[in-house]
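Engineer: So that we are looking at the same thing, I have put the structure below in C-alpha coordinates.
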Amino acid sequence: MALELDDGLFSIVEYQHVKPGKGKAFVRMKLKKLETGQVLDRTFRADENVQQAIIDRSDHQYLYSDDLGFHFMNLDDYGQIVLSQEDIGDSAGYLVDGMTVTLAMHGSTAIGVDLPAAVELEVIYAEPAVKGDTRTGATKGVQVETGIEVQVPLFVEQGDRIKVDTRTGEYLTRA
(Lines give C-alpha, C1' and ligand atoms only; values in the text may rest on other atoms or scores of the structure.)
Protein backbone atom coordinates (compact mmCIF):
# COMPACT_ATOMS: atom_id res chain seq x y z
CA MET A 1 0.00 0.00 0.00
CA ALA A 2 1.23 3.50 -0.80
CA LEU A 3 0.37 6.82 0.83
CA GLU A 4 0.39 10.30 -0.66
CA LEU A 5 1.61 12.66 2.07
CA ASP A 6 2.59 16.35 1.96
CA ASP A 7 6.28 15.56 1.55
CA GLY A 8 5.98 12.88 -1.16
CA LEU A 9 4.88 9.38 -2.03
CA PHE A 10 5.54 6.63 0.54
CA SER A 11 5.11 2.87 0.71
CA ILE A 12 4.31 1.22 4.05
CA VAL A 13 7.12 -1.06 5.23
CA GLU A 14 5.47 -2.00 8.53
CA TYR A 15 2.80 -0.67 10.86
CA GLN A 16 1.58 -1.17 14.40
CA HIS A 17 -1.79 -0.15 15.85
CA VAL A 18 -1.37 0.96 19.47
CA LYS A 19 -4.24 1.35 21.95
CA PRO A 20 -2.82 2.67 25.20
CA GLY A 21 -4.79 2.22 28.41
CA LYS A 22 -5.08 5.97 28.73
CA GLY A 23 -5.74 8.25 25.75
CA LYS A 24 -6.66 7.69 22.13
CA ALA A 25 -5.37 4.98 19.80
CA PHE A 26 -2.66 5.73 17.24
CA VAL A 27 -0.83 3.97 14.42
CA ARG A 28 2.97 3.85 14.31
CA MET A 29 4.33 3.30 10.76
CA LYS A 30 7.66 2.75 9.10
CA LEU A 31 7.43 4.43 5.66
CA LYS A 32 9.79 4.28 2.67
CA LYS A 33 9.91 7.34 0.40
CA LEU A 34 9.57 6.00 -3.16
CA GLU A 35 11.61 8.79 -4.81
CA THR A 36 14.71 8.49 -2.61
CA GLY A 37 14.42 5.17 -0.73
CA GLN A 38 14.70 6.98 2.63
CA VAL A 39 12.96 5.17 5.53
CA LEU A 40 11.06 7.29 8.07
CA ASP A 41 9.07 6.59 11.24
CA ARG A 42 5.70 8.37 11.47
CA THR A 43 2.87 8.29 13.98
CA PHE A 44 -0.75 9.01 13.01
CA ARG A 45 -3.75 9.51 15.28
CA ALA A 46 -6.55 6.99 14.77
CA ASP A 47 -8.94 9.74 13.60
CA GLU A 48 -6.44 11.31 11.17
CA ASN A 49 -7.20 10.89 7.45
CA VAL A 50 -4.37 9.96 5.10
CA GLN A 51 -4.62 9.94 1.29
CA GLN A 52 -3.97 6.52 -0.27
CA ALA A 53 -1.94 6.69 -3.50
CA ILE A 54 -3.27 4.84 -6.53
CA ILE A 55 -0.47 2.76 -8.06
CA ASP A 56 -1.16 1.22 -11.46
CA ARG A 57 0.97 -1.80 -12.41
CA SER A 58 1.05 -2.87 -16.05
CA ASP A 59 3.21 -5.10 -18.23
CA HIS A 60 5.61 -3.36 -20.60
CA GLN A 61 8.12 -4.72 -23.08
CA TYR A 62 11.66 -3.30 -22.97
CA LEU A 63 12.56 -2.17 -26.49
CA TYR A 64 15.98 -0.45 -26.43
CA SER A 65 18.04 2.29 -24.80
CA ASP A 66 19.60 5.37 -26.37
CA ASP A 67 20.65 8.93 -25.41
CA LEU A 68 17.08 9.77 -24.36
CA GLY A 69 16.78 6.83 -21.95
CA PHE A 70 15.17 3.39 -21.76
CA HIS A 71 12.21 2.79 -24.09
CA PHE A 72 9.27 0.59 -23.03
CA MET A 73 6.05 -0.35 -24.84
CA ASN A 74 2.76 -0.95 -23.02
CA LEU A 75 1.50 -4.41 -24.00
CA ASP A 76 -2.17 -3.34 -23.70
CA ASP A 77 -2.35 -0.21 -25.84
CA TYR A 78 1.12 -0.25 -27.52
CA GLY A 79 1.93 3.23 -26.19
CA GLN A 80 5.60 3.93 -25.50
CA ILE A 81 7.25 5.47 -22.47
CA VAL A 82 10.86 6.60 -21.98
CA LEU A 83 12.50 6.33 -18.54
CA SER A 84 15.81 7.87 -17.49
CA GLN A 85 18.73 6.10 -15.83
CA GLU A 86 17.64 7.55 -12.46
CA ASP A 87 14.13 6.08 -12.90
CA ILE A 88 15.52 2.62 -13.72
CA GLY A 89 18.33 2.52 -11.14
CA ASP A 90 20.22 -0.78 -10.75
CA SER A 91 17.61 -2.62 -12.84
CA ALA A 92 19.33 -1.35 -16.00
CA GLY A 93 21.99 -4.06 -15.70
CA TYR A 94 19.37 -6.79 -16.14
CA LEU A 95 17.31 -5.36 -19.03
CA VAL A 96 17.51 -7.40 -22.25
CA ASP A 97 15.81 -6.33 -25.49
CA GLY A 98 12.32 -7.82 -25.76
CA MET A 99 11.93 -8.80 -22.08
CA THR A 100 8.65 -8.11 -20.26
CA VAL A 101 8.75 -6.08 -17.05
CA THR A 102 6.07 -4.59 -14.81
CA LEU A 103 6.11 -0.80 -14.44
CA ALA A 104 4.51 0.80 -11.38
CA MET A 105 2.94 4.12 -12.37
CA HIS A 106 1.52 6.89 -10.18
CA GLY A 107 -0.47 9.07 -12.54
CA SER A 108 1.80 9.49 -15.54
CA THR A 109 5.02 9.09 -13.54
CA ALA A 110 6.90 5.78 -13.36
CA ILE A 111 7.93 5.03 -9.78
CA GLY A 112 9.39 1.54 -10.13
CA VAL A 113 10.41 -1.32 -12.39
CA ASP A 114 9.65 -4.91 -11.32
CA LEU A 115 11.92 -7.40 -13.06
CA PRO A 116 11.43 -11.17 -13.34
CA ALA A 117 13.14 -13.12 -10.53
CA ALA A 118 15.88 -14.34 -12.90
CA VAL A 119 17.13 -13.35 -16.35
CA GLU A 120 19.14 -15.26 -18.93
CA LEU A 121 22.27 -13.38 -20.06
CA GLU A 122 25.13 -14.19 -22.44
CA VAL A 123 28.72 -14.09 -21.20
CA ILE A 124 30.72 -11.77 -23.48
CA TYR A 125 34.02 -11.86 -21.59
CA ALA A 126 35.37 -14.51 -19.24
CA GLU A 127 38.89 -14.79 -17.89
CA PRO A 128 40.49 -18.19 -18.32
CA ALA A 129 40.10 -20.48 -15.32
CA VAL A 130 43.13 -20.71 -13.05
CA LYS A 131 43.80 -24.09 -11.52
CA GLY A 132 44.59 -24.11 -7.84
CA ASP A 133 42.73 -24.20 -4.58
CA THR A 134 39.17 -25.22 -5.50
CA ARG A 135 38.15 -26.59 -2.11
CA THR A 136 36.16 -23.46 -1.30
CA GLY A 137 34.13 -23.29 -4.52
CA ALA A 138 36.37 -20.95 -6.50
CA THR A 139 34.72 -18.28 -8.64
CA LYS A 140 35.76 -15.76 -11.26
CA GLY A 141 34.28 -12.55 -12.59
CA VAL A 142 32.66 -12.50 -16.05
CA GLN A 143 31.07 -9.68 -18.01
CA VAL A 144 27.61 -10.26 -19.49
CA GLU A 145 25.87 -8.66 -22.48
CA THR A 146 24.28 -5.88 -20.40
CA GLY A 147 27.65 -4.74 -19.04
CA ILE A 148 27.42 -5.94 -15.45
CA GLU A 149 29.96 -8.25 -13.83
CA VAL A 150 28.82 -11.52 -12.22
CA GLN A 151 30.81 -13.96 -10.07
CA VAL A 152 30.49 -17.46 -11.58
CA PRO A 153 32.11 -20.90 -11.13
CA LEU A 154 35.35 -21.57 -13.00
CA PHE A 155 33.72 -23.78 -15.69
CA VAL A 156 31.70 -20.88 -17.22
CA GLU A 157 33.27 -19.67 -20.46
CA GLN A 158 32.76 -16.88 -22.98
CA GLY A 159 29.66 -17.48 -25.12
CA ASP A 160 27.79 -19.43 -22.41
CA ARG A 161 24.30 -18.30 -21.36
CA ILE A 162 23.78 -18.04 -17.61
CA LYS A 163 20.81 -17.34 -15.34
CA VAL A 164 21.28 -14.45 -12.90
CA ASP A 165 19.08 -13.60 -9.90
CA THR A 166 17.86 -9.99 -10.42
CA ARG A 167 17.32 -9.40 -6.68
CA THR A 168 20.84 -10.28 -5.55
CA GLY A 169 22.90 -10.26 -8.77
CA GLU A 170 24.17 -13.78 -8.08
CA TYR A 171 24.80 -16.56 -10.56
CA LEU A 172 22.12 -19.29 -10.46
CA THR A 173 22.89 -21.80 -13.21
CA ARG A 174 23.95 -22.26 -16.81
CA ALA A 175 21.05 -21.92 -19.23
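For the C-alpha coordinates, the naming scheme is as follows: chains receive sequential letters (A, B, ...) according to their order of presentation, residues are indexed from 1 within each chain, and ligands are indexed from 1 in presentation order.
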Just the residues within 7 Å of Ser84 of chain A, please, counting only C-alpha atoms, with nothing from its chain fewer than 4 positions along; format it as a ChimeraX atom specification.
Structural biologist: /A:69-70,88
Engineer: Could you pull the residues within 10 Å of Arg167 of chain A, counting only C-alpha atoms, minus those fewer than 4 positions along the same chain, as a PyMOL selection string?
Structural biologist: chain A and resi 90-91+115-118
Engineer: Write out, as a PDB file, in the first residue's frame, the residues just selected, with N, CA, C and O atoms.
Structural biologist:
```pdb
ATOM      1  N   ASP A  90      19.374   0.401 -10.552  1.00  0.00           N
ATOM      2  CA  ASP A  90      20.220  -0.779 -10.748  1.00  0.00           C
ATOM      3  C   ASP A  90      19.585  -1.814 -11.676  1.00  0.00           C
ATOM      4  O   ASP A  90      20.256  -2.729 -12.127  1.00  0.00           O
ATOM      5  N   SER A  91      18.294  -1.674 -11.961  1.00  0.00           N
ATOM      6  CA  SER A  91      17.610  -2.617 -12.842  1.00  0.00           C
ATOM      7  C   SER A  91      18.146  -2.578 -14.262  1.00  0.00           C
ATOM      8  O   SER A  91      17.950  -3.515 -15.023  1.00  0.00           O
ATOM      9  N   LEU A 115      11.321  -6.454 -12.134  1.00  0.00           N
ATOM     10  CA  LEU A 115      11.923  -7.403 -13.065  1.00  0.00           C
ATOM     11  C   LEU A 115      11.484  -8.818 -12.724  1.00  0.00           C
ATOM     12  O   LEU A 115      11.058  -9.091 -11.603  1.00  0.00           O
ATOM     13  N   PRO A 116      11.630  -9.759 -13.686  1.00  0.00           N
ATOM     14  CA  PRO A 116      11.429 -11.168 -13.337  1.00  0.00           C
ATOM     15  C   PRO A 116      12.467 -11.589 -12.288  1.00  0.00           C
ATOM     16  O   PRO A 116      13.493 -10.926 -12.124  1.00  0.00           O
ATOM     17  N   ALA A 117      12.224 -12.673 -11.590  1.00  0.00           N
ATOM     18  CA  ALA A 117      13.135 -13.119 -10.528  1.00  0.00           C
ATOM     19  C   ALA A 117      14.519 -13.462 -11.067  1.00  0.00           C
ATOM     20  O   ALA A 117      15.526 -13.258 -10.393  1.00  0.00           O
ATOM     21  N   ALA A 118      14.593 -13.980 -12.302  1.00  0.00           N
ATOM     22  CA  ALA A 118      15.877 -14.341 -12.898  1.00  0.00           C
ATOM     23  C   ALA A 118      15.852 -14.008 -14.386  1.00  0.00           C
ATOM     24  O   ALA A 118      14.801 -14.066 -15.023  1.00  0.00           O
TER      25      ALA A 118
END
```
Engineer: Taking into account only C-alpha atoms, which residue in the set A:Thr139, A:Asn74, A:Gln52, A:Ser58 is nearest to Met105 of chain A?
Structural biologist: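 Answer, going by the shortest atom-to-atom distance: A:Ser58.
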Engineer: Excluding Gly79 of chain A and residues on its chain fewer than 5 positions from it, collect all residues at most 12 Å away from it, counting only C-alpha atoms, and give them as a list in words.
Structural biologist: Ser58, Asp59, His60, Gln61, Leu63, His71, Phe72, Met73 and Asn74 of chain A
Engineer: If you run DSSP over the backbone, which residues in segment 27-120 of chain A end up helix (DSSP H, G or I)? Put them as JSON, numbers by chain.
Structural biologist: {"A": [85, 86, 87, 88, 89, 90, 91, 92, 93, 94]}
Engineer: Output the selection as a short mmCIF file (atom, residue, chain, number, x, y, z; two decimals), in the first residue's frame - N, CA and C atoms for each residue.
Structural biologist:
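The file below, part.cif, is the result:
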```cif
data_model
loop_
_atom_site.label_atom_id
_atom_site.label_comp_id
_atom_site.auth_asym_id
_atom_site.auth_seq_id
_atom_site.Cartn_x
_atom_site.Cartn_y
_atom_site.Cartn_z
N GLN A 85 17.88 6.99 -16.62
CA GLN A 85 18.73 6.10 -15.83
C GLN A 85 18.37 6.19 -14.35
N GLU A 86 18.01 7.38 -13.87
CA GLU A 86 17.64 7.55 -12.46
C GLU A 86 16.34 6.81 -12.15
N ASP A 87 15.40 6.79 -13.11
CA ASP A 87 14.13 6.08 -12.90
C ASP A 87 14.35 4.57 -12.83
N ILE A 88 15.27 4.06 -13.63
CA ILE A 88 15.52 2.62 -13.72
C ILE A 88 16.39 2.14 -12.55
N GLY A 89 17.43 2.89 -12.23
CA GLY A 89 18.33 2.52 -11.14
C GLY A 89 19.19 1.31 -11.50
N ASP A 90 19.37 0.40 -10.55
CA ASP A 90 20.22 -0.78 -10.75
C ASP A 90 19.59 -1.81 -11.68
N SER A 91 18.29 -1.67 -11.96
CA SER A 91 17.61 -2.62 -12.84
C SER A 91 18.15 -2.58 -14.26
N ALA A 92 18.82 -1.50 -14.64
CA ALA A 92 19.33 -1.35 -16.00
C ALA A 92 20.30 -2.47 -16.38
N GLY A 93 21.03 -3.00 -15.43
CA GLY A 93 21.99 -4.06 -15.70
C GLY A 93 21.36 -5.40 -16.03
N TYR A 94 20.05 -5.52 -15.88
CA TYR A 94 19.37 -6.79 -16.14
C TYR A 94 18.38 -6.70 -17.29
#
```
Engineer: When DSSP is applied to the backbone of this structure, which of segment 46-142 of chain A are assigned strand (DSSP E or B)? Write them out as number ranges by chain.
Structural biologist: A: 51-52, 56-66, 69-74, 80-83, 100-106, 109-114, 118-126, 139-142
Engineer: Please indicate the distance in Å from atom CA of Gly141 of chain A to atom CA of Glu127 of chain A, rounded to one decimal place.
Structural biologist: 7.4 Å
Engineer: Give me, as a list in words, all polymer residues having an atom no more than 9 Å from Val123 of chain A, counting only C-alpha atoms and skipping those fewer than 4 positions away in the same chain.
Structural biologist: Val142, Gln143, Val144, Glu145, Val156, Glu157, Gln158, Gly159, Asp160, Arg161 and Ile162 of chain A
Engineer: Include N, CA, C and O atoms and write out the residues we just selected as a short mmCIF file (atom, residue, chain, number, x, y, z; two decimals), in the first residue's frame.
Structural biologist:
```cif
data_model
loop_
_atom_site.label_atom_id
_atom_site.label_comp_id
_atom_site.auth_asym_id
_atom_site.auth_seq_id
_atom_site.Cartn_x
_atom_site.Cartn_y
_atom_site.Cartn_z
N VAL A 142 32.91 -12.54 -14.61
CA VAL A 142 32.66 -12.50 -16.05
C VAL A 142 31.80 -11.28 -16.34
O VAL A 142 31.07 -10.79 -15.48
N GLN A 143 31.90 -10.79 -17.59
CA GLN A 143 31.07 -9.68 -18.01
C GLN A 143 29.98 -10.23 -18.92
O GLN A 143 30.26 -11.03 -19.82
N VAL A 144 28.73 -9.80 -18.69
CA VAL A 144 27.61 -10.26 -19.49
C VAL A 144 27.19 -9.18 -20.48
O VAL A 144 27.70 -8.06 -20.44
N GLU A 145 26.26 -9.53 -21.37
CA GLU A 145 25.87 -8.66 -22.48
C GLU A 145 25.34 -7.30 -22.06
O GLU A 145 25.42 -6.34 -22.82
N VAL A 156 32.44 -21.76 -16.30
CA VAL A 156 31.70 -20.88 -17.22
C VAL A 156 32.69 -20.19 -18.16
O VAL A 156 33.71 -19.66 -17.72
N GLU A 157 32.37 -20.24 -19.46
CA GLU A 157 33.27 -19.67 -20.46
C GLU A 157 32.55 -18.62 -21.30
O GLU A 157 31.32 -18.50 -21.26
N GLN A 158 33.32 -17.89 -22.09
CA GLN A 158 32.76 -16.88 -22.98
C GLN A 158 31.81 -17.55 -23.99
O GLN A 158 32.10 -18.61 -24.52
N GLY A 159 30.65 -16.94 -24.22
CA GLY A 159 29.66 -17.48 -25.12
C GLY A 159 28.58 -18.29 -24.43
O GLY A 159 27.53 -18.56 -25.01
N ASP A 160 28.80 -18.70 -23.17
CA ASP A 160 27.79 -19.43 -22.41
C ASP A 160 26.64 -18.49 -22.04
O ASP A 160 26.82 -17.28 -21.91
N ARG A 161 25.46 -19.06 -21.86
CA ARG A 161 24.30 -18.30 -21.36
C ARG A 161 24.07 -18.73 -19.92
O ARG A 161 24.03 -19.93 -19.63
N ILE A 162 23.95 -17.75 -19.04
CA ILE A 162 23.78 -18.04 -17.61
C ILE A 162 22.50 -17.37 -17.10
O ILE A 162 22.02 -16.40 -17.67
#
```
